[in-house]
Every structure is written in structure tokens, then in C-alpha cells.
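Data block below; observations after.
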Amino acid sequence: QTLEHLFEPFFTTKGEGNGTGLGLSTVQGIVIQSGGHIEVESEPGKGSSFCIYLPAAERRTVEPKPAPLLDVGGRKEAILLVEDQEQVRRFVAITLKQCGYRVVEAVDAAHALRLSADQPVDLLLTDIMMPNMSGVELANRIRLTLPRLKTLFISGYSEDTNAGNWGSLAGGKFLQKPFSPDALVAKVREALGDLEFGVVTVLLADDSKTVRELLAEVLCEGGYAVVEACDGLQALERLREKPAQVALVDINLPKMGGLAAAKEMLKQHPQMTLVLMSAPFEDAFNQDLKTLSVAAVLPKPVSPETLLDTLRRVTGFVNAIPKSQNHLIRQNADLK
């Protein structure tokens, strides 16, 4: 008689207050919902045996797990990490350095502003909630001098909460704490994904073959493709043959002066980044600069480090091809 009512809701053989009578009823309901059934056998003095039968699942092929994202290394991009909590900052820095990124650490926004003024930065990775200045305010400040800067914000609060407080999060990506190393690396790669990867072409215009060869070698070692010209007219001709993202132009060029050539270059290619070079400047030259959209001015002689750092800073381009794999690099290298 007990077996007949065993699975009925609220049926119990226990005394009042010692059971709800819902345990076996709940079990039966779950088994039936799963497409199975339950059987019970019981003998007085020996105990009870419950057997649950469920439908067999179809065998599925186990897909191989994808390689960890930590295997996706960086390309020596410079990351400015701003985090006031030392343990979090250390964890992020170690993870990113292991993946091939260059990490510069700052303990607060003021420290980050000083660091960003002294060196090129590809990505700002900052906590949002910090004393004195938020990460969003910091990003807006740095973008005044580095408009191409990519940003990744981290916070213990959700993205919706932060967006409600700070608006659009300055157009950056977002990662909520706590996060795993793989999640961090994936989000950093996503944040950097809009950068121009691949070979960047530089038009190098200088009438000195010796200087041109030295600068071309530095640029090639840095992963850039170089198109050479020995005068202003030839520089314009080279641009018509092969567009370049950057023009590195000496102001004292024959046939067509460097400044005149530079003005024409920007007229024909307004998106191109212009960097000028010259010996010590004269007042007339400084006056002419006011009419040009010049990204940087480099006094000669220029060191390899200064040249490459300047190009990274003013363009935001990151070259993906290391020098050991850079084959097609120089064009028109036979110029006199």
C-alpha cells in the first residue's frame, strides 16, 4: 500500500514535522522530464532499491579544443598599463610581457600622463575607477597629443554601469574584472586590431645618396618598405607610381624644393603623414611650416632610435613583418 502512494506529492511515512513528502515526487518529475522512468522494489526488513532509466544519448565527436589565446603573441606593441592596485597591475604586466608586448606601468593617471609624453604608446590599458582622475578622463587627455591611441578599459563594474557614468567610454574597448589571462590577451588583441598591420610604405626624399642609404637601411630594419627619390619632382612621380602612408622629406631638395614638394604631396594625398628633415632651421623655414600640416620635424643628423620612435608616434602604424622576413623592402635604391 505504501508503494502505491510513494511518488504522490506530500505523501510521507515520517511523523509530523519530519518531512514534506515532496522528495521522491520531485525526483520522479525530473526523471520523466528527461524522458525516463523510475522503478522501485522494497521488502520489509531488507530495504528498498530505486532504479532510474534514462534514454541513451547520441554519441558525439569531441571537437579538439582551440589553442590557448596565450599562444597568440604580440608584435612588440607598446602598452601603457595604468592600475592603482599593485597585484592586478603585476598580473596584467606579467601576462602581456609573456605574450611579446612591451609594457610600461603607471600607478595613477598623473604618472601615466608623464610617461605618455616621453615615449610612443600603441594601447592605453587603464582601470576606470582611480583616485584624482578616472581612466576615461585620462584617455581623453592623452588623445589630445596621441589622437590615434587605442584604449582598453578594465573595471570591477559592468560595462553598462560604467557607460552610464562616463558615456561612450571614450570609444575604447572594455573588460570586466576579474578576468583570465586568455580573456585579457584576447581583448588586448581586439583593441589593437584596428591598427594598420603589415608593411608600411615610406617615401624617402633626400638628394644625398649617402644619407638616403643610411635612412633606408634604418627603415628597412624597422620593418618599413621604402620608396626613394632624389629630388622634389621625382618624389611626386614616385607617389603617383606607388602610394605611401608616410613621406619623409628633406626640405633642401633640387629641382623642386622640399617644402614646395611637401605642399603638393599633401594636396594630392591629404591622408598621408608628413615628416620633414633639415639642418638647423631658419626663421623663413619656421614661417613656412605654419602653412603645412606637418606631423614632425627632425633635425639632421637623426639617430635611428629617434627616427623609428617618431614614425610610430605620429602614425600609430605597427609593422607586422620582422626584418628577417622583410624581402621587398627598397625600391628605386639605384638612384644617384
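Following the order of the C-alpha cells, first chain is A, next is B, and so on, with residues numbered from 1 inside each chain and ligands from 1 in the order they appear.
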(request) Based on DSSP run over this structure's backbone, return all residues of segment 217-302 of chain A in strand (DSSP E or B), as a PyMOL selection string. (result) chain A and resi 225-229+246-250+273-278+296-299
File dump, residues just selected, N, CA, C and O atoms, as a PDB file, in the first residue's frame:
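Result written to selection_5.pdb:
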ATOM      1  N   ALA A 225      58.662  49.446 -45.675  1.00  0.00           N
ATOM      2  CA  ALA A 225      59.034  49.416 -47.088  1.00  0.00           C
ATOM      3  C   ALA A 225      59.409  50.833 -47.496  1.00  0.00           C
ATOM      4  O   ALA A 225      58.775  51.795 -47.063  1.00  0.00           O
ATOM      5  N   VAL A 226      60.433  50.965 -48.308  1.00  0.00           N
ATOM      6  CA  VAL A 226      60.971  52.288 -48.628  1.00  0.00           C
ATOM      7  C   VAL A 226      60.953  52.514 -50.135  1.00  0.00           C
ATOM      8  O   VAL A 226      61.436  51.685 -50.907  1.00  0.00           O
ATOM      9  N   VAL A 227      60.399  53.641 -50.536  1.00  0.00           N
ATOM     10  CA  VAL A 227      60.465  54.115 -51.914  1.00  0.00           C
ATOM     11  C   VAL A 227      61.321  55.376 -51.904  1.00  0.00           C
ATOM     12  O   VAL A 227      61.032  56.314 -51.154  1.00  0.00           O
ATOM     13  N   GLU A 228      62.375  55.425 -52.724  1.00  0.00           N
ATOM     14  CA  GLU A 228      63.338  56.511 -52.653  1.00  0.00           C
ATOM     15  C   GLU A 228      63.181  57.497 -53.804  1.00  0.00           C
ATOM     16  O   GLU A 228      62.798  57.126 -54.923  1.00  0.00           O
ATOM     17  N   ALA A 229      63.491  58.762 -53.499  1.00  0.00           N
ATOM     18  CA  ALA A 229      63.510  59.821 -54.504  1.00  0.00           C
ATOM     19  C   ALA A 229      64.643  60.771 -54.171  1.00  0.00           C
ATOM     20  O   ALA A 229      64.952  61.002 -52.994  1.00  0.00           O
ATOM     21  N   VAL A 246      53.521  57.349 -45.416  1.00  0.00           N
ATOM     22  CA  VAL A 246      54.369  58.343 -44.771  1.00  0.00           C
ATOM     23  C   VAL A 246      55.325  58.926 -45.799  1.00  0.00           C
ATOM     24  O   VAL A 246      55.872  58.195 -46.637  1.00  0.00           O
ATOM     25  N   ALA A 247      55.545  60.236 -45.741  1.00  0.00           N
ATOM     26  CA  ALA A 247      56.564  60.885 -46.569  1.00  0.00           C
ATOM     27  C   ALA A 247      57.614  61.483 -45.636  1.00  0.00           C
ATOM     28  O   ALA A 247      57.284  62.295 -44.760  1.00  0.00           O
ATOM     29  N   LEU A 248      58.860  61.082 -45.820  1.00  0.00           N
ATOM     30  CA  LEU A 248      59.987  61.592 -45.042  1.00  0.00           C
ATOM     31  C   LEU A 248      60.826  62.439 -46.002  1.00  0.00           C
ATOM     32  O   LEU A 248      61.526  61.902 -46.865  1.00  0.00           O
ATOM     33  N   VAL A 249      60.737  63.750 -45.851  1.00  0.00           N
ATOM     34  CA  VAL A 249      61.232  64.660 -46.892  1.00  0.00           C
ATOM     35  C   VAL A 249      62.248  65.640 -46.318  1.00  0.00           C
ATOM     36  O   VAL A 249      61.974  66.316 -45.310  1.00  0.00           O
ATOM     37  N   ASP A 250      63.411  65.737 -46.990  1.00  0.00           N
ATOM     38  CA  ASP A 250      64.379  66.777 -46.679  1.00  0.00           C
ATOM     39  C   ASP A 250      63.908  68.079 -47.325  1.00  0.00           C
ATOM     40  O   ASP A 250      63.418  68.079 -48.460  1.00  0.00           O
ATOM     41  N   THR A 273      50.910  61.027 -43.933  1.00  0.00           N
ATOM     42  CA  THR A 273      51.617  61.644 -42.813  1.00  0.00           C
ATOM     43  C   THR A 273      52.942  62.218 -43.304  1.00  0.00           C
ATOM     44  O   THR A 273      53.731  61.522 -43.949  1.00  0.00           O
ATOM     45  N   LEU A 274      53.186  63.491 -42.987  1.00  0.00           N
ATOM     46  CA  LEU A 274      54.370  64.185 -43.476  1.00  0.00           C
ATOM     47  C   LEU A 274      55.355  64.444 -42.347  1.00  0.00           C
ATOM     48  O   LEU A 274      55.000  65.025 -41.316  1.00  0.00           O
ATOM     49  N   VAL A 275      56.602  64.010 -42.548  1.00  0.00           N
ATOM     50  CA  VAL A 275      57.695  64.267 -41.609  1.00  0.00           C
ATOM     51  C   VAL A 275      58.810  64.962 -42.391  1.00  0.00           C
ATOM     52  O   VAL A 275      59.258  64.453 -43.425  1.00  0.00           O
ATOM     53  N   LEU A 276      59.250  66.112 -41.903  1.00  0.00           N
ATOM     54  CA  LEU A 276      60.297  66.880 -42.578  1.00  0.00           C
ATOM     55  C   LEU A 276      61.636  66.728 -41.861  1.00  0.00           C
ATOM     56  O   LEU A 276      61.684  66.543 -40.637  1.00  0.00           O
ATOM     57  N   MET A 277      62.710  66.833 -42.642  1.00  0.00           N
ATOM     58  CA  MET A 277      64.078  66.783 -42.097  1.00  0.00           C
ATOM     59  C   MET A 277      64.859  67.955 -42.661  1.00  0.00           C
ATOM     60  O   MET A 277      64.648  68.377 -43.796  1.00  0.00           O
ATOM     61  N   SER A 278      65.800  68.464 -41.845  1.00  0.00           N
ATOM     62  CA  SER A 278      66.681  69.503 -42.348  1.00  0.00           C
ATOM     63  C   SER A 278      67.800  69.748 -41.349  1.00  0.00           C
ATOM     64  O   SER A 278      67.745  69.300 -40.193  1.00  0.00           O
ATOM     65  N   ALA A 296      55.790  65.966 -37.810  1.00  0.00           N
ATOM     66  CA  ALA A 296      57.012  66.076 -37.014  1.00  0.00           C
ATOM     67  C   ALA A 296      58.104  66.703 -37.856  1.00  0.00           C
ATOM     68  O   ALA A 296      58.084  66.629 -39.092  1.00  0.00           O
ATOM     69  N   VAL A 297      59.067  67.328 -37.186  1.00  0.00           N
ATOM     70  CA  VAL A 297      60.242  67.903 -37.835  1.00  0.00           C
ATOM     71  C   VAL A 297      61.478  67.321 -37.161  1.00  0.00           C
ATOM     72  O   VAL A 297      61.620  67.403 -35.939  1.00  0.00           O
ATOM     73  N   LEU A 298      62.361  66.729 -37.951  1.00  0.00           N
ATOM     74  CA  LEU A 298      63.559  66.084 -37.422  1.00  0.00           C
ATOM     75  C   LEU A 298      64.799  66.825 -37.885  1.00  0.00           C
ATOM     76  O   LEU A 298      65.048  66.939 -39.086  1.00  0.00           O
ATOM     77  N   PRO A 299      65.598  67.345 -36.944  1.00  0.00           N
ATOM     78  CA  PRO A 299      66.862  67.980 -37.339  1.00  0.00           C
ATOM     79  C   PRO A 299      67.905  66.921 -37.667  1.00  0.00           C
ATOM     80  O   PRO A 299      67.990  65.896 -37.006  1.00  0.00           O
TER      81      PRO A 299
END
(request) Tell me which protein, DNA and RNA residues are within 9 Å of Met256 of chain A, counting only C-alpha atoms, leaving out same-chain ones fewer than 2 positions away, and put them as a list of chain:residue names. (result) A:Asp231, A:Gly232, A:Leu233, A:Gln234, A:Asn252, A:Leu253, A:Pro254, A:Gly258, A:Leu259, A:Ala260, A:Ala261
Given the selection you just returned, output its residues as a file containing C-alpha atoms, formatted as a short mmCIF file (atom, residue, chain, number, x, y, z; two decimals), in the first residue's frame.
data_model
loop_
_atom_site.label_atom_id
_atom_site.label_comp_id
_atom_site.auth_asym_id
_atom_site.auth_seq_id
_atom_site.Cartn_x
_atom_site.Cartn_y
_atom_site.Cartn_z
CA ASP A 231 64.54 65.44 -55.74
CA GLY A 232 61.13 67.05 -55.31
CA LEU A 233 59.77 66.28 -58.76
CA GLN A 234 60.86 62.67 -58.55
CA ASN A 252 66.53 71.20 -49.30
CA LEU A 253 65.79 69.25 -52.49
CA PRO A 254 66.87 70.16 -56.04
CA GLY A 258 61.22 70.04 -50.21
CA LEU A 259 58.63 72.47 -48.84
CA ALA A 260 57.03 73.01 -52.25
CA ALA A 261 57.05 69.26 -52.89
#
(request) as number ranges by chain, list the residues of segment 144-236 of chain A assigned to helix (DSSP H, G or I) by DSSP on the backbone atoms of this structure. (result) A: 159-166, 169-171, 181-192, 209-221, 232-236
(message) Taking only C-alpha atoms into account, name the residue in A:Lys242, A:Lys177, A:Ala279, A:Gly172 that is nearest to Val202 of chain A.
(response)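 Ranking A:Lys242, A:Lys177, A:Ala279, A:Gly172 by distance to Val202 of chain A, first place goes to A:Lys242.
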(request) Figure out the distance between atom CA of Val88 of chain A and atom CA of Ala106 of chain A, please, to one decimal in Å. (result)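 It comes out at 12.1 Å.
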